[in-house]
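So the structure is just underneath, and the comments pick up after that.
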Amino acid sequence: MVKVAIDAGHGGFGVTPGKRSPDGEYEWNFNDKVVVAVIKRLKEYGISVLRLDDPTGKTDVPLTTRTYKANNWGADILISCHHNANTGKWGDWTGTETFTYLGKWKDAERLAGLVQNRLIGAYNLRDRGLKKDDFHMLRQSSMPAILIEGGYMDSRIDIKKLRDGKVLQAAGYAVADAVAEYFGIKPKEELTMKQYEELKKLIEEQNKIIKQQANEISALKKNKQDKPSDSHAPDPSHALAWDKATEAGIVNGKYPHHPLTREQYATIRMREKN
Ligand SMILES: [Zn+2]
């Protein structure tokens, strides 16, 4: 099973100094929304996930602890989710970028490319491209690792996206879809409740038809096996003829429902002539 380690950068409730928008919104709270969506979607792909930060946001898990957990678990890749800051005062800088560690890292760069590609569509901000840096999460992790900066917390342009839960969720789904693409994993097909109900109804109808047909078949088989009635009373439509034939001695008045053999036929013909 594919194993993905992921973290939302920093901790919630302002436990890391700085790392907030000029209006005082904490970076972790933006990052967390993305991470929650990534994890939800990765699980839909059947991918195993380990979250490295405190999901309650109450503590800022040290970076060394985060990379230790990822390495110890044997994650296949690591993704660190962040949002950028420039001066800490409102400005017009903008854009999404994805980092890998300094130097040439083929797998990490391929992953970064796939993620960045989809993130551009989710945030719909300027494509600042793939970058390299000496970040702890990239340097100290022993698997291909990327760090994403979704947009600027101190950008008048980007903050609109960061304050939109739907954008952050789309960003998370974009990351997860890119991870699935990286590993060549197809999405699991799941029925919606409506599709499920429709299918259930169809199956029930089919079962009803099958049952009905089975009943009809068994009734037909039963009829075939039925012996003619041993009653001596003819059907009303034949009663007159039967009585007359009996009176005339052509038939003996017994078993009017039984089939006739050839020898009985010959006897009857003979009696008719007499
Ligand atoms: Zn950050």
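Chain labels run A, B, ... following the order of the structure tokens; each chain numbers its residues from 1, and ligands are numbered from 1 in the order shown.
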Could I get the residue neighbourhood of ligand 1 at 8 Å, counting only C-alpha atoms and all ligand atoms, as a PyMOL selection string?
chain A and resi 9-10+19+27-28+81-84+149
Output N, CA and C atoms for every residue in the selection just made, as a compact mmCIF listing (two decimals), in the first residue's frame.
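Listed below is the output, selection-v3.txt:
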# COMPACT_ATOMS: atom_id res chain seq x y z
N GLY A 9 1.81 23.06 7.88
CA GLY A 9 2.93 23.80 8.47
C GLY A 9 2.53 24.55 9.74
N HIS A 10 3.44 24.51 10.74
CA HIS A 10 3.28 25.27 12.01
C HIS A 10 2.17 24.69 12.88
N LYS A 19 3.83 33.99 11.05
CA LYS A 19 3.00 32.99 10.38
C LYS A 19 1.52 33.30 10.51
N GLU A 27 -1.49 30.90 9.90
CA GLU A 27 -1.19 30.12 8.69
C GLU A 27 -1.67 28.68 8.84
N TRP A 28 -1.46 28.08 10.03
CA TRP A 28 -1.83 26.67 10.21
C TRP A 28 -3.29 26.43 9.84
N CYS A 81 2.31 21.23 3.66
CA CYS A 81 1.39 22.24 3.11
C CYS A 81 1.53 23.57 3.85
N HIS A 82 1.79 24.61 3.10
CA HIS A 82 2.01 25.95 3.66
C HIS A 82 1.29 27.01 2.84
N HIS A 83 1.25 28.22 3.44
CA HIS A 83 0.88 29.41 2.68
C HIS A 83 1.90 30.49 2.98
N ASN A 84 2.17 31.27 1.98
CA ASN A 84 3.32 32.16 1.97
C ASN A 84 3.08 33.48 2.69
N GLU A 149 3.49 26.09 -1.29
CA GLU A 149 3.07 27.40 -0.78
C GLU A 149 1.89 27.82 -1.66
Find the residues near A:Ala178: any atom within 12 Å, counting only C-alpha atoms, skip ones fewer than 2 places away on the same chain, and give them as a PyMOL selection string.
chain A and resi 38+41-42+45+79+110-122+171-176+180-187
Give me, as a PyMOL selection string, the residues of stretch 16-259 of chain A that a backbone DSSP run labels strand (DSSP E or B).
chain A and resi 20+26+48-51+77-84+91+96-101+127-133+145-152+155
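Taking atom CA of A:Glu198 and atom CA of A:Glu44 as endpoints, the distance between them is 22.8 Å.
Note that atom CA of A:Thr98 and atom CA of A:Val179 are 13.7 Å apart.
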